[in-house]
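Shown next, in structure tokens, is the structure this report addresses.
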Amino acid sequence: MRLPTKAVIPVAGLGTRFLPATKAMPKEMLPLVDKPVIQYVVEEAVRSGLSDILFITGRDKYALENHFDSAEALESRLEEKGDDEKLALVQDATNLGNIHYVRQGGAKGLGHAVLAAKSFVGHESFAVLLGDDVLEESSALLERMMQVHQATGSSVVALVEVPKSEIHKYGSIKPAGDFDGDTIKVADFVEKPKADVAPSNYAVIGRYILRPELFDIIAKLEPGAGDEIQLTDALSISARDASLAGGVVGVIFNGERYDAGDKLEYIKATVRLASKRADLGPELNTWLKEFSKEI
Ligand code: UTP
């Protein structure tokens, strides 16, 4: 198995949990401190060796495309002023990887979004990073998932252990056995299960290494949960019968992660990231201690 070089980042969702902010602006462009959520995700892909990036976009995603393009007027203004620091901040996003775009053609589910990447990906395995899922900056999760893919030939999903009371927000796995180090073979998936029927406490998060055979499986799927074409339904088919697309292995992730598409998680992410920053942290942390006495 060759190491993947292509990353697919779906950003065509409607972001309804974040209305009204997402009425005319993609949720992936909301800032975490001073950088849009999507830039953290693209930086992670590039850092992990995935230099070809395909965004699956939808309507009203122009702000996102503009963010990764050059901004001539702004750049010349900063150049004239000799403000190299801000100029670098503006140019950072433009210099990330080779970025491509394709439209999903309606938010019909994550599986449907991934299928839109078929001609870009061809016959190679590829990574999928959800555009609203942010991992701590030192995370080597994707590299580890690529190693596991190389060693097993299976598709790989990232897992976190969550309390039973939260499993209904995620796809959950039915394990095929015990953990071998940080990996576990997956027997099946259940999308957003109720706590009492969840097959485990292991929840799927927004990082995947997928085999290209999954495209054919997705193409034949009927709409599933939420009347959407679900990526987990395709992964279930491969997990149940490994002769279809090589089966599925999970890799556990123990680091910090934020679902920036969820309001409370977004607020926590903003505070945590700011509190670690040299320019903001000291003052913010003092204020947070004072504030915590008020509430
Ligand atoms: P979510 O389910 O979190 O996104 O999908 P959503 O549908 O935009 O959010 P809510 O629930 O309405 O608030 C995870 C990722 O998959 C993308 C989203 O943009 C998000 O980054 N996605 C989802 C698509 O690209 N297309 C889809 O049809 C669905």
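Residues in the structure tokens are named by chain (A, B, ... in the order shown) and by number from 1 within that chain; ligands are numbered from 1 in the order shown.
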Q | Selection: 8 Å around Ala269 of chain A, only C-alpha atoms, excl. self and same-chain fewer than 2 positions, as a VMD selection string | A | chain A and resid 32 258 260 265 to 267 271 to 273
Q: Would you list the residues that come within 9 Å of ligand 1? Count only C-alpha atoms and all ligand atoms and give the answer as a VMD selection string.
A: chain A and resid 9 to 19 22 26 to 28 38 55 to 58 104 to 114 129 to 133 206 228 to 230 259 to 262
Q: Could you give me the residues within segment 67-237 of chain A that DSSP places in strand (DSSP E or B), as a PyMOL selection string?
A: chain A and resi 98-103+126-129+133-135+155-161+171-175+180+183-191+202-210
Q: Enumerate the residues of segment 2-187 of chain A with a DSSP assignment of alpha helix (DSSP H), computed from the backbone, and present them as a PyMOL selection string.
A: chain A and resi 37-47+62-67+72-81+84-92+110-115+118-121+141-152
Q | Counting only C-alpha atoms, the residue of A:Ser154, A:Asn95, A:Asn201, A:Ser76 that sits nearest Ser238 of chain A | A | A:Ser154
Q: Would you mind reading off the distance between atom CA of Lys293 of chain A and atom CA of Leu280 of chain A, one decimal, in Å?
A: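 Between these atoms lies a distance of 20.4 Å.
Using only C-alpha atoms, the nearest neighbour of Leu141 of chain A within the list A:Ala158, A:Ala234, A:Ala21, A:Val33 is A:Ala158.
The smallest atom-to-atom distance between Leu3 of chain A and any of A:His67, A:Lys194, A:Lys174, A:Arg211, using only C-alpha atoms, is found for A:Arg211.
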Q.
Report as a PyMOL selection string all protein, DNA and RNA residues lying within 12 Å of Ser48 of chain A, evaluated on only C-alpha atoms, omitting residues in the same chain fewer than 5 positions from it.
A. chain A and resi 3-7+41-43+53+97+127+129+137-147
Those same residues - N, CA, C and O atoms - I'd like them written as a compact mmCIF listing (two decimals), in the first residue's frame.
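Output below, filename result_6.txt:
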```txt
# COMPACT_ATOMS: atom_id res chain seq x y z
N LEU A 3 1.58 5.30 0.55
CA LEU A 3 1.05 6.30 1.46
C LEU A 3 0.16 7.26 0.68
O LEU A 3 0.54 7.71 -0.40
N PRO A 4 -1.03 7.60 1.18
CA PRO A 4 -1.89 8.55 0.48
C PRO A 4 -1.22 9.93 0.35
O PRO A 4 -0.43 10.32 1.22
N THR A 5 -1.53 10.64 -0.73
CA THR A 5 -1.03 12.01 -0.88
C THR A 5 -2.19 13.00 -1.04
O THR A 5 -1.98 14.20 -1.07
N LYS A 6 -3.41 12.45 -1.17
CA LYS A 6 -4.55 13.34 -1.43
C LYS A 6 -5.48 13.42 -0.23
O LYS A 6 -5.78 12.39 0.38
N ALA A 7 -5.89 14.64 0.06
CA ALA A 7 -6.84 14.85 1.16
C ALA A 7 -8.13 15.43 0.60
O ALA A 7 -8.10 16.35 -0.23
N VAL A 41 -7.49 22.83 9.81
CA VAL A 41 -7.66 21.50 9.20
C VAL A 41 -6.72 21.33 8.01
O VAL A 41 -6.05 20.31 7.86
N VAL A 42 -6.62 22.37 7.18
CA VAL A 42 -5.73 22.29 6.01
C VAL A 42 -4.27 22.21 6.47
O VAL A 42 -3.48 21.43 5.93
N GLU A 43 -3.91 22.97 7.49
CA GLU A 43 -2.54 22.92 8.01
C GLU A 43 -2.20 21.51 8.50
O GLU A 43 -1.10 21.01 8.30
N ILE A 53 -5.06 18.86 -2.04
CA ILE A 53 -6.27 18.98 -1.22
C ILE A 53 -7.47 19.32 -2.08
O ILE A 53 -7.42 20.25 -2.90
N GLY A 97 -0.27 23.85 0.33
CA GLY A 97 -0.61 22.76 -0.58
C GLY A 97 -1.17 23.20 -1.94
O GLY A 97 -1.17 24.37 -2.30
N ALA A 127 -7.17 10.44 2.11
CA ALA A 127 -7.61 10.86 3.45
C ALA A 127 -8.86 11.72 3.33
O ALA A 127 -9.02 12.44 2.35
N LEU A 129 -10.80 14.59 5.77
CA LEU A 129 -10.76 15.37 7.02
C LEU A 129 -12.03 16.21 7.06
O LEU A 129 -12.30 16.95 6.10
N GLU A 137 -2.68 21.03 17.69
CA GLU A 137 -1.74 21.26 16.60
C GLU A 137 -0.58 20.28 16.55
O GLU A 137 0.02 20.08 15.51
N SER A 138 -0.28 19.63 17.68
CA SER A 138 0.85 18.70 17.67
C SER A 138 0.40 17.28 17.31
O SER A 138 1.19 16.35 17.34
N SER A 139 -0.88 17.11 16.95
CA SER A 139 -1.40 15.77 16.73
C SER A 139 -0.75 15.07 15.53
O SER A 139 -0.63 15.64 14.45
N ALA A 140 -0.37 13.80 15.75
CA ALA A 140 0.19 13.01 14.64
C ALA A 140 -0.80 11.92 14.24
O ALA A 140 -0.42 10.89 13.69
N LEU A 141 -2.09 12.16 14.52
CA LEU A 141 -3.11 11.13 14.28
C LEU A 141 -3.14 10.67 12.81
O LEU A 141 -3.15 9.48 12.53
N LEU A 142 -3.15 11.64 11.89
CA LEU A 142 -3.26 11.24 10.47
C LEU A 142 -2.08 10.39 10.03
O LEU A 142 -2.25 9.41 9.31
N GLU A 143 -0.87 10.78 10.48
CA GLU A 143 0.32 9.98 10.12
C GLU A 143 0.17 8.56 10.65
O GLU A 143 0.46 7.60 9.95
N ARG A 144 -0.29 8.43 11.89
CA ARG A 144 -0.48 7.10 12.49
C ARG A 144 -1.53 6.31 11.68
O ARG A 144 -1.36 5.13 11.41
N MET A 145 -2.60 6.98 11.29
CA MET A 145 -3.65 6.29 10.51
C MET A 145 -3.10 5.81 9.17
O MET A 145 -3.45 4.74 8.69
N MET A 146 -2.22 6.62 8.57
CA MET A 146 -1.64 6.22 7.28
C MET A 146 -0.73 5.02 7.44
O MET A 146 -0.72 4.13 6.61
N GLN A 147 0.02 5.00 8.56
CA GLN A 147 0.88 3.82 8.85
C GLN A 147 0.03 2.57 8.98
O GLN A 147 0.36 1.53 8.43
```
(Q) Need the shell around Leu231 of chain A: protein/DNA/RNA residues with any atom at most 12 Å away, counting only C-alpha atoms. Skip same-chain ones fewer than 4 positions apart. Format as a PyMOL selection string? (A) chain A and resi 10+108-115+128+130+157+171+189-191+204+206-208+210+214-225+235-238
Can I get the selected residues back with N, CA and C atoms, as an mmCIF file, in the first residue's frame?
```cif
data_model
loop_
_atom_site.group_PDB
_atom_site.id
_atom_site.type_symbol
_atom_site.label_atom_id
_atom_site.label_comp_id
_atom_site.auth_asym_id
_atom_site.auth_seq_id
_atom_site.Cartn_x
_atom_site.Cartn_y
_atom_site.Cartn_z
ATOM 1 N N PRO A 10 -14.629 17.771 3.020
ATOM 2 C CA PRO A 10 -16.001 18.185 2.707
ATOM 3 C C PRO A 10 -16.396 19.415 3.525
ATOM 4 N N LYS A 108 -26.362 16.331 0.445
ATOM 5 C CA LYS A 108 -27.121 15.073 0.547
ATOM 6 C C LYS A 108 -26.423 14.060 1.439
ATOM 7 N N GLY A 109 -25.510 14.537 2.259
ATOM 8 C CA GLY A 109 -24.861 13.636 3.222
ATOM 9 C C GLY A 109 -23.371 13.490 2.963
ATOM 10 N N LEU A 110 -22.665 13.051 4.015
ATOM 11 C CA LEU A 110 -21.208 12.955 3.946
ATOM 12 C C LEU A 110 -20.748 11.940 2.892
ATOM 13 N N GLY A 111 -21.459 10.815 2.776
ATOM 14 C CA GLY A 111 -21.108 9.817 1.761
ATOM 15 C C GLY A 111 -21.204 10.423 0.369
ATOM 16 N N HIS A 112 -22.269 11.164 0.134
ATOM 17 C CA HIS A 112 -22.491 11.819 -1.150
ATOM 18 C C HIS A 112 -21.389 12.849 -1.420
ATOM 19 N N ALA A 113 -20.974 13.568 -0.370
ATOM 20 C CA ALA A 113 -19.893 14.562 -0.514
ATOM 21 C C ALA A 113 -18.594 13.863 -0.918
ATOM 22 N N VAL A 114 -18.289 12.745 -0.255
ATOM 23 C CA VAL A 114 -17.039 12.025 -0.541
ATOM 24 C C VAL A 114 -17.059 11.471 -1.970
ATOM 25 N N LEU A 115 -18.227 11.030 -2.412
ATOM 26 C CA LEU A 115 -18.346 10.470 -3.776
ATOM 27 C C LEU A 115 -17.964 11.515 -4.838
ATOM 28 N N VAL A 128 -9.731 11.633 4.330
ATOM 29 C CA VAL A 128 -10.862 12.568 4.439
ATOM 30 C C VAL A 128 -10.742 13.260 5.789
ATOM 31 N N LEU A 130 -12.831 16.078 8.100
ATOM 32 C CA LEU A 130 -14.031 16.907 8.168
ATOM 33 C C LEU A 130 -13.631 18.339 8.503
ATOM 34 N N VAL A 157 -10.456 4.365 10.451
ATOM 35 C CA VAL A 157 -11.238 5.457 11.044
ATOM 36 C C VAL A 157 -10.577 5.875 12.352
ATOM 37 N N GLY A 171 -21.178 8.397 15.203
ATOM 38 C CA GLY A 171 -21.239 7.023 14.721
ATOM 39 C C GLY A 171 -20.457 6.194 15.727
ATOM 40 N N PHE A 189 -20.688 -0.633 12.125
ATOM 41 C CA PHE A 189 -20.904 0.742 12.612
ATOM 42 C C PHE A 189 -22.394 0.950 12.853
ATOM 43 N N VAL A 190 -22.719 1.779 13.833
ATOM 44 C CA VAL A 190 -24.111 2.210 14.003
ATOM 45 C C VAL A 190 -24.092 3.732 14.080
ATOM 46 N N GLU A 191 -24.872 4.383 13.212
ATOM 47 C CA GLU A 191 -24.874 5.845 13.156
ATOM 48 C C GLU A 191 -25.765 6.411 14.257
ATOM 49 N N VAL A 204 -16.735 7.566 16.224
ATOM 50 C CA VAL A 204 -15.937 7.905 15.045
ATOM 51 C C VAL A 204 -15.827 9.424 14.955
ATOM 52 N N GLY A 206 -13.791 12.943 12.847
ATOM 53 C CA GLY A 206 -13.686 13.342 11.442
ATOM 54 C C GLY A 206 -12.355 13.173 10.729
ATOM 55 N N ARG A 207 -11.717 12.025 10.889
ATOM 56 C CA ARG A 207 -10.512 11.722 10.111
ATOM 57 C C ARG A 207 -10.631 10.289 9.597
ATOM 58 N N TYR A 208 -10.407 10.105 8.297
ATOM 59 C CA TYR A 208 -10.538 8.776 7.690
ATOM 60 C C TYR A 208 -9.417 8.574 6.677
ATOM 61 N N LEU A 210 -9.340 6.190 3.413
ATOM 62 C CA LEU A 210 -10.302 5.330 2.703
ATOM 63 C C LEU A 210 -9.688 4.688 1.477
ATOM 64 N N LEU A 214 -14.291 2.044 -2.009
ATOM 65 C CA LEU A 214 -15.481 2.515 -1.288
ATOM 66 C C LEU A 214 -16.383 3.378 -2.169
ATOM 67 N N PHE A 215 -15.802 4.014 -3.199
ATOM 68 C CA PHE A 215 -16.635 4.850 -4.081
ATOM 69 C C PHE A 215 -17.767 4.026 -4.702
ATOM 70 N N ASP A 216 -17.421 2.799 -5.147
ATOM 71 C CA ASP A 216 -18.454 1.978 -5.792
ATOM 72 C C ASP A 216 -19.526 1.580 -4.786
ATOM 73 N N ILE A 217 -19.097 1.365 -3.545
ATOM 74 C CA ILE A 217 -20.077 0.997 -2.504
ATOM 75 C C ILE A 217 -20.990 2.203 -2.226
ATOM 76 N N ILE A 218 -20.386 3.399 -2.105
ATOM 77 C CA ILE A 218 -21.200 4.596 -1.815
ATOM 78 C C ILE A 218 -22.204 4.835 -2.947
ATOM 79 N N ALA A 219 -21.733 4.642 -4.181
ATOM 80 C CA ALA A 219 -22.583 4.941 -5.338
ATOM 81 C C ALA A 219 -23.861 4.101 -5.333
ATOM 82 N N LYS A 220 -23.810 2.947 -4.675
ATOM 83 C CA LYS A 220 -25.010 2.071 -4.679
ATOM 84 C C LYS A 220 -25.882 2.271 -3.439
ATOM 85 N N LEU A 221 -25.460 3.157 -2.518
ATOM 86 C CA LEU A 221 -26.207 3.305 -1.261
ATOM 87 C C LEU A 221 -27.527 4.036 -1.462
ATOM 88 N N GLU A 222 -28.523 3.620 -0.676
ATOM 89 C CA GLU A 222 -29.774 4.373 -0.548
ATOM 90 C C GLU A 222 -29.579 5.357 0.607
ATOM 91 N N PRO A 223 -30.345 6.457 0.658
ATOM 92 C CA PRO A 223 -30.232 7.353 1.815
ATOM 93 C C PRO A 223 -30.476 6.603 3.118
ATOM 94 N N GLY A 224 -29.674 6.929 4.146
ATOM 95 C CA GLY A 224 -29.794 6.265 5.452
ATOM 96 C C GLY A 224 -30.280 7.249 6.499
ATOM 97 N N ALA A 225 -29.615 7.269 7.680
ATOM 98 C CA ALA A 225 -30.025 8.149 8.784
ATOM 99 C C ALA A 225 -30.148 9.592 8.293
ATOM 100 N N LEU A 235 -18.898 2.228 5.032
ATOM 101 C CA LEU A 235 -17.872 1.606 5.884
ATOM 102 C C LEU A 235 -18.413 0.339 6.553
ATOM 103 N N SER A 236 -19.695 0.359 6.930
ATOM 104 C CA SER A 236 -20.330 -0.827 7.524
ATOM 105 C C SER A 236 -20.249 -2.013 6.575
ATOM 106 N N ILE A 237 -20.551 -1.768 5.310
ATOM 107 C CA ILE A 237 -20.552 -2.855 4.319
ATOM 108 C C ILE A 237 -19.159 -3.462 4.233
ATOM 109 N N SER A 238 -18.128 -2.619 4.209
ATOM 110 C CA SER A 238 -16.757 -3.117 4.125
ATOM 111 C C SER A 238 -16.329 -3.791 5.441
#
```
Q: Quick one: pull the distance between atom CA of Leu96 of chain A and atom CA of Ser70 of chain A, Å, one decimal.
A: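 Separation between atom CA of Leu96 of chain A and atom CA of Ser70 of chain A: 11.4 Å.
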Q.
If we count only C-alpha atoms and set the cut-off at 12 Å, which residues sit around Leu87 of chain A, ignoring sequence neighbours fewer than 2 positions away in its own chain? Please answer as a ChimeraX atom specification.
A. /A:70-85,89-94
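Shortest separation to Leu288 of chain A among A:Lys192, A:Asn66, A:Thr270, A:Ser275 occurs at residue A:Ser275, atoms counted being only C-alpha atoms.
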Q | Interatomic distance, atom CA of Asp34 of chain A to atom CA of Leu284 of chain A (Å, one decimal) | A |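 The value is 14.8 Å.
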